[in-house]
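The next block is start-v8.tsv, given as TSV, C-alpha atoms and all ligand atoms.
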chain	number	residue	atom	x	y	z
O	1	MET	CA	36.93	183.95	-18.76
O	2	ASP	CA	34.16	181.87	-20.40
O	3	GLU	CA	31.65	184.11	-22.01
O	4	ASN	CA	28.76	181.75	-21.24
O	5	HIS	CA	29.59	181.47	-17.54
O	6	ARG	CA	28.05	184.16	-15.50
O	7	PRO	CA	29.68	185.25	-12.29
O	8	GLY	CA	28.37	183.39	-9.19
O	9	GLU	CA	27.42	180.22	-11.12
O	10	GLU	CA	29.06	176.89	-10.17
O	11	THR	CA	31.60	175.63	-12.51
O	12	GLY	CA	31.94	171.93	-13.42
O	13	THR	CA	30.46	169.30	-15.69
O	14	GLU	CA	26.74	169.47	-16.48
O	15	LEU	CA	24.61	166.41	-15.25
O	16	THR	CA	23.07	164.24	-17.91
O	17	ALA	CA	19.30	163.62	-17.83
O	18	ALA	CA	19.71	160.02	-16.45
O	19	GLU	CA	22.05	161.18	-13.74
O	20	ALA	CA	19.67	163.89	-12.77
O	21	GLU	CA	16.79	161.43	-12.50
O	22	ALA	CA	18.89	159.00	-10.42
O	23	GLU	CA	19.83	161.80	-8.11
O	24	ALA	CA	16.21	162.85	-7.75
O	25	SER	CA	14.90	159.38	-6.80
O	26	PRO	CA	17.66	157.07	-5.54
O	27	ALA	CA	16.97	153.29	-6.01
O	28	GLU	CA	15.99	151.13	-3.00
O	29	PRO	CA	18.96	149.22	-1.60
O	30	ALA	CA	18.86	145.68	-3.11
O	31	ASP	CA	19.57	143.82	0.05
O	32	GLU	CA	17.66	145.73	2.58
O	33	PRO	CA	17.04	143.41	5.59
O	34	ALA	CA	13.48	142.03	5.88
O	35	ALA	CA	11.32	143.48	8.56
O	36	PRO	CA	11.39	141.31	11.67
O	37	ARG	CA	8.42	138.93	12.06
O	38	THR	CA	5.80	139.82	14.55
O	39	PRO	CA	5.28	137.28	17.40
O	40	ASP	CA	2.00	136.20	15.74
O	41	GLU	CA	3.72	135.42	12.44
O	42	SER	CA	6.45	133.40	14.18
O	43	MET	CA	3.91	131.47	16.20
O	44	SER	CA	1.75	130.55	13.20
O	45	ARG	CA	4.81	129.37	11.25
O	46	ARG	CA	5.92	127.24	14.22
O	47	THR	CA	2.41	125.88	14.66
O	48	PHE	CA	2.23	124.95	10.98
O	49	LEU	CA	5.57	123.13	11.14
O	50	LEU	CA	4.49	121.25	14.26
O	51	TRP	CA	1.25	120.22	12.58
O	52	ALA	CA	3.08	119.09	9.44
O	53	ALA	CA	5.57	117.08	11.49
O	54	GLY	CA	2.76	115.54	13.54
O	55	ILE	CA	0.78	114.54	10.47
O	56	SER	CA	3.87	113.02	8.88
O	57	VAL	CA	4.69	110.98	11.99
O	58	GLY	CA	1.05	109.93	12.29
O	59	PHE	CA	0.90	108.65	8.72
O	60	THR	CA	4.15	106.75	9.14
O	61	ALA	CA	2.91	105.12	12.34
O	62	LEU	CA	-0.41	104.24	10.72
O	63	ALA	CA	1.26	102.68	7.68
O	64	SER	CA	3.67	100.68	9.85
O	65	GLY	CA	0.86	99.49	12.09
O	66	TRP	CA	-1.20	98.41	9.13
O	67	MET	CA	1.70	96.44	7.62
O	68	VAL	CA	2.31	94.65	10.92
O	69	TYR	CA	-1.40	93.91	11.30
O	70	GLU	CA	-1.59	92.50	7.77
O	71	ALA	CA	1.52	90.40	8.40
O	72	VAL	CA	0.11	88.71	11.50
O	73	LEU	CA	-3.33	88.21	10.00
O	74	PRO	CA	-3.80	84.51	9.21
O	75	PRO	CA	-4.42	83.85	5.51
O	76	GLY	CA	-8.00	83.86	4.31
O	77	ARG	CA	-9.30	86.20	7.00
O	78	SER	CA	-10.82	89.58	6.62
O	79	VAL	CA	-9.27	92.56	8.34
O	80	GLU	CA	-11.86	92.23	11.11
O	81	GLY	CA	-10.34	88.86	11.96
O	82	LYS	CA	-13.43	87.04	10.73
O	83	THR	CA	-13.74	84.73	7.81
O	84	LYS	CA	-16.01	86.05	5.07
O	85	VAL	CA	-17.99	82.81	5.01
O	86	GLY	CA	-21.20	82.62	7.02
O	87	PRO	CA	-22.38	79.69	9.18
O	88	LEU	CA	-21.34	76.44	7.52
O	89	ALA	CA	-21.81	72.81	8.52
O	90	ILE	CA	-18.38	71.27	8.10
O	91	ALA	CA	-18.64	67.83	9.80
O	92	LYS	CA	-20.94	65.26	11.38
O	93	LEU	CA	-19.88	64.89	14.98
O	94	ASP	CA	-20.76	61.19	15.01
O	95	GLU	CA	-18.24	60.54	12.26
O	96	LEU	CA	-15.30	61.96	14.21
O	97	GLU	CA	-12.98	59.98	16.43
O	98	GLU	CA	-13.02	61.21	19.99
O	99	GLY	CA	-10.02	63.30	21.00
O	100	VAL	CA	-8.38	63.23	17.57
O	101	PRO	CA	-8.32	66.64	15.84
O	102	VAL	CA	-9.05	66.50	12.12
O	103	LEU	CA	-8.38	69.17	9.53
O	104	LEU	CA	-11.43	70.47	7.71
O	105	GLU	CA	-12.07	73.35	5.36
O	106	TYR	CA	-14.14	76.33	6.39
O	107	GLY	CA	-14.38	78.81	3.53
O	108	ASP	CA	-10.87	79.98	2.76
O	109	ASP	CA	-9.69	78.78	6.15
O	110	VAL	CA	-8.78	75.40	7.53
O	111	VAL	CA	-9.83	74.40	11.02
O	112	PHE	CA	-9.12	71.60	13.46
O	113	VAL	CA	-12.21	69.89	14.86
O	114	ALA	CA	-11.81	67.61	17.87
O	115	LYS	CA	-14.75	65.66	19.27
O	116	GLN	CA	-14.89	65.72	23.06
O	117	PRO	CA	-16.06	63.00	25.47
O	118	ASP	CA	-19.09	65.08	26.51
O	119	GLY	CA	-20.39	65.25	22.93
O	120	SER	CA	-19.15	68.77	22.30
O	121	ALA	CA	-16.36	69.76	19.93
O	122	LEU	CA	-13.30	71.95	20.07
O	123	VAL	CA	-12.75	73.89	16.87
O	124	PHE	CA	-9.64	75.94	16.18
O	125	ASP	CA	-8.25	77.92	13.29
O	126	ALA	CA	-5.41	75.84	11.83
O	127	ALA	CA	-3.45	79.04	11.20
O	128	CYS	CA	-0.86	79.68	13.89
O	129	PRO	CA	-1.73	82.82	15.86
O	130	HIS	CA	1.87	83.99	15.49
O	131	VAL	CA	2.13	84.80	11.77
O	132	GLY	CA	-0.29	82.33	10.26
O	133	CYS	CA	1.69	79.20	9.35
O	134	LYS	CA	-0.40	76.06	9.16
O	135	LEU	CA	-0.33	74.04	12.36
O	136	SER	CA	-0.21	70.26	12.42
O	137	TRP	CA	-1.39	67.75	15.00
O	138	ASN	CA	1.33	65.56	16.53
O	139	GLU	CA	-0.46	62.49	17.87
O	140	ALA	CA	2.62	61.11	19.64
O	141	ALA	CA	3.39	64.37	21.43
O	142	ASP	CA	-0.30	65.09	21.98
O	143	GLU	CA	0.04	68.67	20.79
O	144	PHE	CA	-0.42	71.04	17.88
O	145	GLU	CA	2.87	72.19	16.40
O	146	CYS	CA	3.95	75.05	14.19
O	147	PRO	CA	6.69	74.35	11.62
O	148	CYS	CA	7.70	77.99	11.23
O	149	HIS	CA	8.98	79.19	14.59
O	150	ASP	CA	8.46	76.17	16.83
O	151	SER	CA	5.39	77.07	18.82
O	152	GLY	CA	3.40	74.27	20.41
O	153	PHE	CA	-0.17	74.11	21.74
O	154	HIS	CA	-1.99	71.74	24.06
O	155	PRO	CA	-5.00	69.74	22.80
O	156	ASP	CA	-7.31	72.40	24.27
O	157	GLY	CA	-5.59	75.05	22.14
O	158	THR	CA	-3.67	76.76	24.93
O	159	LEU	CA	-0.09	77.83	24.24
O	160	ALA	CA	2.49	75.26	25.43
O	161	TYR	CA	5.69	76.96	24.24
O	162	GLY	CA	7.17	79.15	21.55
O	163	PRO	CA	6.90	82.70	20.27
O	164	ALA	CA	3.21	82.66	19.31
O	165	GLY	CA	2.48	84.38	22.61
O	166	ARG	CA	-1.19	83.44	22.68
O	167	ASP	CA	-3.55	80.48	22.45
O	168	MET	CA	-4.89	79.07	19.21
O	169	ILE	CA	-7.73	81.02	17.62
O	170	VAL	CA	-11.09	79.52	18.55
O	171	ALA	CA	-13.69	79.04	15.85
O	172	VAL	CA	-17.20	80.02	16.88
O	173	HIS	CA	-19.42	77.00	16.36
O	174	GLU	CA	-22.42	75.00	17.52
O	175	ILE	CA	-23.75	71.49	17.11
O	176	ASP	CA	-27.09	71.67	15.34
O	177	ASP	CA	-30.08	69.34	15.82
O	178	ASP	CA	-28.75	67.00	13.14
O	179	GLY	CA	-25.39	66.63	14.88
O	180	ASN	CA	-23.52	68.87	12.43
O	181	VAL	CA	-20.60	71.00	13.56
O	182	VAL	CA	-21.63	74.44	12.27
O	183	VAL	CA	-18.87	77.04	12.20
O	184	SER	CA	-19.78	80.72	11.90
O	185	GLY	CA	-16.49	82.58	12.30
O	186	PHE	CA	-13.55	83.14	14.61
O	187	GLU	CA	-13.03	84.74	17.93
O	188	GLY	CA	-10.67	87.72	17.88
A	1	LIG	S1	3.99	81.20	12.72
A	1	LIG	FE1	3.76	79.70	14.24
A	1	LIG	S2	5.30	80.13	15.68
A	1	LIG	FE2	5.55	81.63	14.14
Conversion result in structure tokens:
Amino acid sequence: MDENHRPGEETGTELTAAEAEAEASPAEPADEPAAPRTPDESMSRRTFLLWAAGISVGFTALASGWMVYEAVLPPGRSVEGKTKVGPLAIAKLDELEEGVPVLLEYGDDVVFVAKQPDGSALVFDAACPHVGCKLSWNEAADEFECPCHDSGFHPDGTLAYGPAGRDMIVAVHEIDDDGNVVVSGFEG
């Protein structure tokens, strides 16, 4: 019998200090499952994702819309659809031949001016309302024509055929006391 072992004591190997400490306070399991989310937490996460998705879709739609708008905007026009030039006298009505549209500059734009039998004038943006190609006047066919996608317009600016889908853009104008054709912008 071991002299150091008193009767009634357990036999076996003594615990080291580290083992004793580990036994006293066992470590947390590493992969303990996370506590389930409360309904409020789930809802706020879902709401945030919906907002994020909505904002993303909104920005994409806005950017696409802007690109399309810029593409159909005739050259030389501001985003409001108006030229940046103010009222400008561009022709003497008396010097124009009746019923024959002539091309004249108005700021960065070019317009057709056609003297009418009643002494008024028709004035149109020379940019096609489709995607802005420059229209030309075909005297023989008695119509304005677009070289890009084959749209045609009657002498009064109304759409005759083609993909433009709308009439020519009318230039806002008046005949002043001196008989000048004064253009001040474009209708929408
Ligand atoms: S730009 Fe004139 S029909 Fe397309």
Practice problem: Around ligand LIG 1 (chain A), at most 12 Å away and counting all atoms listed in the file, which residues are there? Put them as a VMD selection string, please. | Solution: chain O and resid 71 to 75 126 to 136 144 to 153 159 to 168
Exercise. Identify which of the residues O:Phe124, O:Val100, O:Glu174, O:Asp156 lies closest to Gly188 of chain O, counting only C-alpha atoms when measuring atom-to-atom distances.
Key: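 Smallest distance to Gly188 of chain O is found for O:Phe124.
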Practice problem: For atom CA of Pro117 of chain O and atom CA of Gly99 of chain O, quote the distance in Å rounded to one decimal. | Solution: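 Between these atoms lies a distance of 7.5 Å.
Minimum atom-to-atom distance to Val182 of chain O, evaluated using all atoms listed in the file, belongs to O:Ala121 out of O:Ala121, O:Asp94, O:Ala140, O:Pro101.
Atom CA of Asp178 of chain O sits 18.6 Å away from atom CA of Tyr106 of chain O.
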Quiz prompt | Option closest in space to Trp137 of chain O, from O:Ala91, O:Ile175, O:Leu103, O:Ala52 [counting all atoms listed in the file] | solution =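 Result for the nearest residue to Trp137 of chain O: O:Leu103.
Going from atom CA of Leu104 of chain O over to atom CA of Asp118 of chain O, you cover 21.0 Å.
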Quiz item: Between O:His173, O:Leu49, O:Gly179, O:Glu187, which one has atoms that come closest to Pro87 of chain O, using all atoms listed in the file?
Solution: O:His173
Quiz item: Nearest to Ala171 of chain O among O:Leu122, O:Ala89, O:Asn138, O:Trp51, with distances taken over only C-alpha atoms: which residue is it?
Solution: O:Leu122
Self-check item: O:Leu50, O:Leu93, O:Leu88, O:Val102 ranked by distance to Val172 of chain O, top pick (using all atoms listed in the file)
Solution: O:Leu88
